[in-house]
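Content type compact mmCIF, C-alpha atoms, from the file work21.txt:
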```txt
# COMPACT_ATOMS: atom_id res chain seq x y z
CA MET A 50 -22.95 40.80 62.03
CA SER A 51 -25.54 43.60 62.33
CA LEU A 52 -25.63 46.91 64.07
CA THR A 53 -28.42 47.18 66.68
CA GLY A 54 -28.52 50.24 68.96
CA GLY A 55 -24.87 50.88 68.38
CA VAL A 56 -23.87 47.42 69.61
CA LEU A 57 -22.53 44.76 67.32
CA ALA A 58 -24.70 41.64 67.45
CA VAL A 59 -23.27 38.31 66.38
CA LEU A 60 -25.36 36.41 63.89
CA PRO A 61 -25.47 32.62 64.13
CA ALA A 62 -23.37 30.66 61.60
CA PRO A 63 -25.34 29.40 58.59
CA PRO A 64 -26.29 25.72 58.70
CA ALA A 65 -24.13 24.90 55.68
CA ALA A 66 -20.95 26.02 57.41
CA HIS A 67 -18.90 23.05 58.58
CA GLY A 68 -15.37 21.74 58.63
CA LEU A 69 -12.69 24.35 58.17
CA LEU A 70 -15.18 27.04 57.21
CA GLY A 71 -17.19 26.36 60.36
CA ALA A 72 -14.09 26.58 62.51
CA VAL A 73 -13.16 29.92 61.01
CA LEU A 74 -16.68 31.31 61.39
CA SER A 75 -16.90 30.08 64.96
CA ALA A 76 -13.62 31.71 65.76
CA ARG A 77 -14.85 35.01 64.30
CA GLN A 78 -18.19 34.80 66.13
CA ASP A 79 -16.98 33.89 69.64
CA GLY A 80 -17.16 37.55 70.68
CA THR A 81 -13.53 37.71 71.81
CA ASP A 82 -10.73 39.87 70.63
CA GLU A 83 -8.59 36.82 69.82
CA PRO A 84 -7.51 36.50 66.19
CA PRO A 85 -9.30 33.89 64.10
CA VAL A 86 -8.15 30.31 64.39
CA THR A 87 -5.30 29.53 62.01
CA VAL A 88 -5.38 25.94 60.72
CA PRO A 89 -1.94 24.43 60.11
CA ARG A 90 -1.02 23.87 56.45
CA ALA A 91 -0.82 20.06 56.50
CA PRO A 92 -4.26 19.47 58.10
CA ALA A 93 -5.76 22.09 55.80
CA ARG A 94 -4.31 20.40 52.74
CA GLU A 95 -5.57 17.00 53.90
CA ALA A 96 -9.03 18.40 54.60
CA ALA A 97 -9.14 19.97 51.14
CA ARG A 98 -8.02 16.70 49.55
CA ARG A 99 -10.77 14.78 51.35
CA GLU A 100 -13.33 17.33 50.31
CA LEU A 101 -12.29 17.31 46.64
CA SER A 102 -12.17 13.52 46.54
CA LYS A 103 -15.91 13.32 47.05
CA ARG A 104 -17.82 11.77 44.19
CA MET A 105 -19.95 14.84 43.59
CA TYR A 106 -16.88 16.65 42.20
CA HIS A 107 -16.00 13.87 39.72
CA GLU A 108 -19.31 12.93 38.15
CA HIS A 109 -18.33 14.39 34.79
CA ASP A 110 -14.69 13.28 34.71
CA PRO A 111 -13.65 11.30 31.58
CA GLY A 112 -13.51 7.53 31.97
CA LEU A 113 -10.39 5.36 31.96
CA LEU A 114 -10.65 4.60 28.22
CA GLN A 115 -11.11 8.25 27.35
CA ARG A 116 -8.10 9.23 29.44
CA ALA A 117 -6.00 6.56 27.75
CA LEU A 118 -7.10 7.75 24.31
CA ASP A 119 -6.34 11.34 25.25
CA ARG A 120 -2.83 10.36 26.29
CA LEU A 121 -2.36 8.36 23.08
CA TRP A 122 -3.41 11.28 20.90
CA ASP A 123 -1.22 13.63 22.89
CA TRP A 124 1.74 11.29 22.32
CA ILE A 125 0.98 10.99 18.60
CA GLY A 126 0.63 14.75 18.36
CA SER A 127 3.97 15.34 20.07
CA LEU A 128 5.61 12.72 17.85
CA PHE A 129 4.16 14.37 14.74
CA ASP A 130 5.33 17.77 15.92
CA SER A 131 8.85 16.46 16.51
CA ALA A 132 8.95 14.77 13.10
CA SER A 133 7.60 17.92 11.43
CA ALA A 134 10.34 20.00 13.01
CA ALA A 135 13.00 17.60 11.71
CA THR A 136 11.54 17.31 8.17
CA PRO A 137 12.23 19.89 5.45
CA GLY A 138 9.00 21.70 4.73
CA GLY A 139 7.53 21.10 8.18
CA ALA A 140 4.19 19.32 8.46
CA THR A 141 3.56 19.46 4.70
CA GLY A 142 6.91 17.85 3.98
CA LEU A 143 6.22 15.11 6.53
CA VAL A 144 2.84 14.35 4.93
CA VAL A 145 4.51 14.09 1.53
CA VAL A 146 7.12 11.67 2.91
CA ILE A 147 4.43 9.48 4.55
CA VAL A 148 2.38 9.35 1.35
CA ALA A 149 5.48 8.42 -0.68
CA VAL A 150 6.36 5.61 1.74
CA LEU A 151 2.82 4.22 1.67
CA ALA A 152 2.76 4.38 -2.13
CA ALA A 153 6.07 2.52 -2.36
CA ALA A 154 4.84 -0.15 0.07
CA GLY A 155 1.63 -0.58 -1.93
CA ALA A 156 3.58 -0.90 -5.17
CA LEU A 157 5.83 -3.58 -3.67
CA TRP A 158 2.85 -5.49 -2.30
CA TRP A 159 1.10 -5.34 -5.68
CA ARG A 160 4.28 -6.38 -7.51
CA LEU A 161 5.37 -9.18 -5.21
CA GLY A 162 1.99 -10.38 -3.97
CA THR A 163 1.36 -11.93 -0.57
CA PRO A 164 4.64 -12.87 1.13
CA ARG A 165 5.26 -16.55 0.74
CA ARG A 166 6.00 -18.69 3.75
CA SER A 167 8.33 -21.57 2.97
CA PRO A 168 7.58 -24.66 5.05
CA ALA A 169 10.44 -26.13 7.05
CA SER A 170 9.97 -29.43 5.22
CA ALA A 171 7.52 -29.69 2.34
CA PRO A 172 4.97 -32.48 2.84
CA ALA A 173 4.42 -35.14 0.22
CA LEU A 174 2.76 -34.27 -3.06
CA PHE A 175 0.22 -37.09 -2.90
CA GLY A 176 -2.09 -38.29 -0.14
CA ASP A 177 -2.47 -41.78 1.22
CA ARG A 178 -4.86 -43.06 -1.46
CA PRO A 179 -3.13 -43.41 -4.83
CA ARG A 180 -5.09 -42.19 -7.83
CA SER A 181 -4.37 -42.22 -11.53
CA ALA A 182 -3.41 -39.17 -13.55
CA ALA A 183 -6.82 -39.25 -15.24
CA GLU A 184 -8.55 -39.16 -11.85
CA HIS A 185 -6.48 -36.21 -10.64
CA ARG A 186 -7.05 -34.44 -13.95
CA ALA A 187 -10.81 -34.94 -13.77
CA ALA A 188 -10.84 -33.64 -10.18
CA ALA A 189 -8.86 -30.56 -11.25
CA GLU A 190 -11.29 -29.80 -14.07
CA ALA A 191 -14.27 -30.21 -11.73
CA HIS A 192 -12.78 -27.77 -9.22
CA ALA A 193 -11.95 -25.32 -11.99
CA ALA A 194 -15.51 -25.44 -13.29
CA GLN A 195 -16.68 -24.31 -9.84
CA GLY A 196 -14.01 -21.64 -9.49
CA HIS A 197 -12.18 -23.50 -6.70
CA TRP A 198 -8.74 -22.50 -7.94
CA ASN A 199 -6.74 -23.70 -4.93
CA GLN A 200 -7.98 -27.27 -5.32
CA ALA A 201 -7.75 -27.05 -9.13
CA VAL A 202 -4.06 -26.08 -8.92
CA GLN A 203 -3.31 -28.86 -6.44
CA GLU A 204 -5.05 -31.58 -8.43
CA GLY A 205 -3.58 -30.27 -11.69
CA MET A 206 -0.04 -30.59 -10.33
CA ARG A 207 -0.76 -34.08 -9.02
CA ALA A 208 -2.14 -35.09 -12.41
CA LEU A 209 1.00 -33.79 -14.11
CA VAL A 210 3.39 -35.70 -11.85
CA ARG A 211 1.31 -38.88 -11.83
CA SER A 212 1.26 -38.81 -15.62
CA LEU A 213 5.05 -38.70 -15.69
CA GLU A 214 5.17 -41.65 -13.30
CA GLU A 215 2.75 -43.63 -15.45
CA ARG A 216 4.98 -42.97 -18.47
CA ALA A 217 8.04 -44.13 -16.47
CA LEU A 218 9.67 -40.72 -16.79
CA LEU A 219 9.64 -40.60 -13.01
CA ASP A 220 9.99 -43.47 -10.59
CA VAL A 221 6.93 -44.12 -8.49
CA ARG A 222 8.09 -42.98 -5.08
CA PRO A 223 5.77 -42.32 -2.13
CA GLY A 224 6.54 -39.18 -0.20
CA ARG A 225 7.91 -37.23 -3.15
CA THR A 226 7.46 -33.46 -2.88
CA ALA A 227 6.47 -31.14 -5.70
CA ASP A 228 9.96 -29.60 -5.80
CA GLU A 229 11.58 -33.02 -6.00
CA ALA A 230 9.23 -34.07 -8.79
CA ALA A 231 9.95 -30.89 -10.75
CA GLY A 232 13.73 -31.35 -10.38
CA GLU A 233 13.65 -34.98 -11.49
CA ALA A 234 11.27 -34.29 -14.38
CA GLY A 235 13.43 -31.36 -15.48
CA ARG A 236 16.38 -33.71 -15.94
CA ALA A 237 14.25 -35.99 -18.15
CA LEU A 238 12.62 -33.09 -20.01
CA PRO A 239 15.11 -30.21 -19.85
CA ALA A 240 13.15 -28.01 -22.26
CA HIS A 241 10.43 -27.68 -19.62
CA THR A 242 12.63 -27.22 -16.54
CA ASP A 243 11.61 -23.62 -15.81
CA ARG A 244 7.89 -24.31 -16.23
CA LEU A 245 8.12 -27.37 -14.01
CA ARG A 246 9.82 -25.39 -11.26
CA ALA A 247 7.24 -22.59 -11.55
CA ALA A 248 4.41 -25.14 -11.28
CA ALA A 249 5.97 -26.71 -8.18
CA ARG A 250 6.40 -23.25 -6.63
CA ASP A 251 2.74 -22.40 -7.27
CA PHE A 252 1.67 -25.71 -5.75
CA ASP A 253 3.74 -25.14 -2.60
CA ASP A 254 2.62 -21.52 -2.22
CA VAL A 255 -1.05 -22.49 -2.45
CA THR A 256 -0.89 -25.69 -0.42
CA TYR A 257 1.55 -24.76 2.35
CA GLY A 258 2.28 -21.04 2.00
CA GLY A 259 -1.22 -19.62 2.45
CA ARG A 260 -1.36 -18.00 -0.98
CA THR A 261 -4.66 -17.89 -2.89
CA ALA A 262 -4.54 -19.54 -6.30
CA THR A 263 -5.75 -17.80 -9.43
CA GLU A 264 -7.33 -19.00 -12.64
CA GLN A 265 -4.09 -18.16 -14.46
CA MET A 266 -2.13 -20.47 -12.14
CA TYR A 267 -4.43 -23.35 -12.93
CA HIS A 268 -4.28 -22.78 -16.69
CA ARG A 269 -0.47 -22.62 -16.58
CA ILE A 270 -0.30 -26.01 -14.87
CA ALA A 271 -2.98 -27.55 -17.09
CA GLY A 272 -1.19 -26.24 -20.19
CA LEU A 273 2.12 -27.67 -18.98
CA ASP A 274 0.43 -31.01 -18.35
CA ARG A 275 -0.86 -31.04 -21.94
CA ASP A 276 2.53 -30.11 -23.36
CA LEU A 277 4.33 -32.78 -21.35
CA ARG A 278 1.92 -35.42 -22.61
CA ARG A 279 2.88 -34.45 -26.15
CA THR A 280 6.59 -34.56 -25.37
CA ARG A 281 8.67 -37.70 -25.82
CA PRO A 282 12.21 -37.71 -24.46
CA GLU A 283 14.97 -38.81 -26.80
CA PRO A 284 17.39 -41.54 -25.77
CA ALA A 285 20.24 -40.43 -23.56
CA GLY A 286 22.89 -38.39 -25.35
CA THR A 287 20.69 -36.81 -28.02
CA GLY A 288 20.23 -33.63 -25.99
CA HIS A 289 16.74 -32.80 -27.24
CA VAL A 290 13.14 -33.94 -27.07
CA THR A 291 10.52 -34.48 -29.72
CA HIS A 292 6.78 -33.85 -29.70
CA ARG A 293 4.01 -36.20 -30.69
CA GLY A 294 0.25 -36.16 -30.65
CA ALA A 295 -1.51 -35.90 -27.32
CA THR A 296 -2.19 -39.14 -25.47
CA GLY A 297 -5.12 -39.79 -23.25
```

Is it possible to express this structure as C-alpha cells?
Amino acid sequence: MSLTGGVLAVLPAPPAAHGLLGAVLSARQDGTDEPPVTVPRAPAREAARRELSKRMYHEHDPGLLQRALDRLWDWIGSLFDSASAATPGGATGLVVVIVAVLAAAGALWWRLGTPRRSPASAPALFGDRPRSAAEHRAAAEAHAAQGHWNQAVQEGMRALVRSLEERALLDVRPGRTADEAAGEAGRALPAHTDRLRAAARDFDDVTYGGRTATEQMYHRIAGLDRDLRRTRPEPAGTGHVTHRGATG
C-alpha cells in the first residue's frame, strides 16, 4: 500500500502470489475492515504438503541406495557405540577385542586349513576303465611334472591301491573307496596303517571335499607307494613285515 494525498491506495497483488498466499493478500487488499481470511489448519497443512511434494524441492535429495547406505551406517554406528559402552576401555577396548578375535580366527584357519566337507557316501576309488598300477603311476608323474597336484594325488593313490591288488594283498573289488582300501591294506601291512589312512584322507579331501592338493601331498603318497612295493608281508601269525628291493 502507498500513501497518496493522505488516502491509502491499494496496490495490486504481485503476479507470483497464488494459493494460500494469494488468498491472504486478496483478503488484505479488498478494502474492507474485515479481518484477513483465516484458512483452517487441515486444508493449510494439505496445501503445504502438496506444495512441498513438487519435484523442484527434491532435485538434490539422496537416492534410494544412498538412503539405504546411510541407514546401514547409522545402524553400525549405533551398534558400535553400544558395544563400546559395554566393553572395558570403551572404543579402544572394543577395537582390541575385535583384532584379537580376527587374529585367533586367522590362526585357526592357517592351522586347520580349508574346512573339509565329508561326502555322504564316498564314491568309488577307480573309474569305469580299469588301468594297471604302472599306468596310474605314469599318469601321476605326468601330472606332477606339470604342477597339477590334484590329479597327481588322485592318480598316485590309485596306483598305490592297484599295486596292492596286483600283488594279491587286496582283492580286486569294483566300487572300493579309498577309505576301504586303506583299512584293508592296513590289516595286511600294519606297519603302514597310519600312512595309508592319511593318504586316503588326502585323496577324499582333494577329490570330494574341495581341498586343493599340494606338492607335499603328492610326494607323501608317491613315497608310500614306493615303500609298500618294497614291503613283503610275513605269513599270518608272525606279526611283522619284511622289506625287499623295489619291484617294477

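Going from CA of Met206 in chain A over to CA of Gln265 in chain A, you cover 13.7 Å.
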
In Å to one decimal, how far is CA of Gln200 in chain A from CA of Ile270 in chain A? 12.3 Å

Near-range 244-256 of chain A list (7 Å; all atoms listed in the file; drop same-chain fewer than 6 positions) as number ranges by chain: A: 165, 199, 202-203, 206, 227-228, 231, 235, 262, 270

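What separates CA of Leu219 in chain A from CA of Ala234 in chain A is a distance of 6.7 Å.
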
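Using all atoms listed in the file, the nearest neighbour of His192 in chain A within the list A:Asp110, A:Glu264, A:Pro89, A:Val150 is A:Glu264.
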
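Nearest to Arg186 in chain A of all the residues A:Val148, A:Ala153, A:Leu213, A:Ala201 is A:Ala201, based on all atoms listed in the file.
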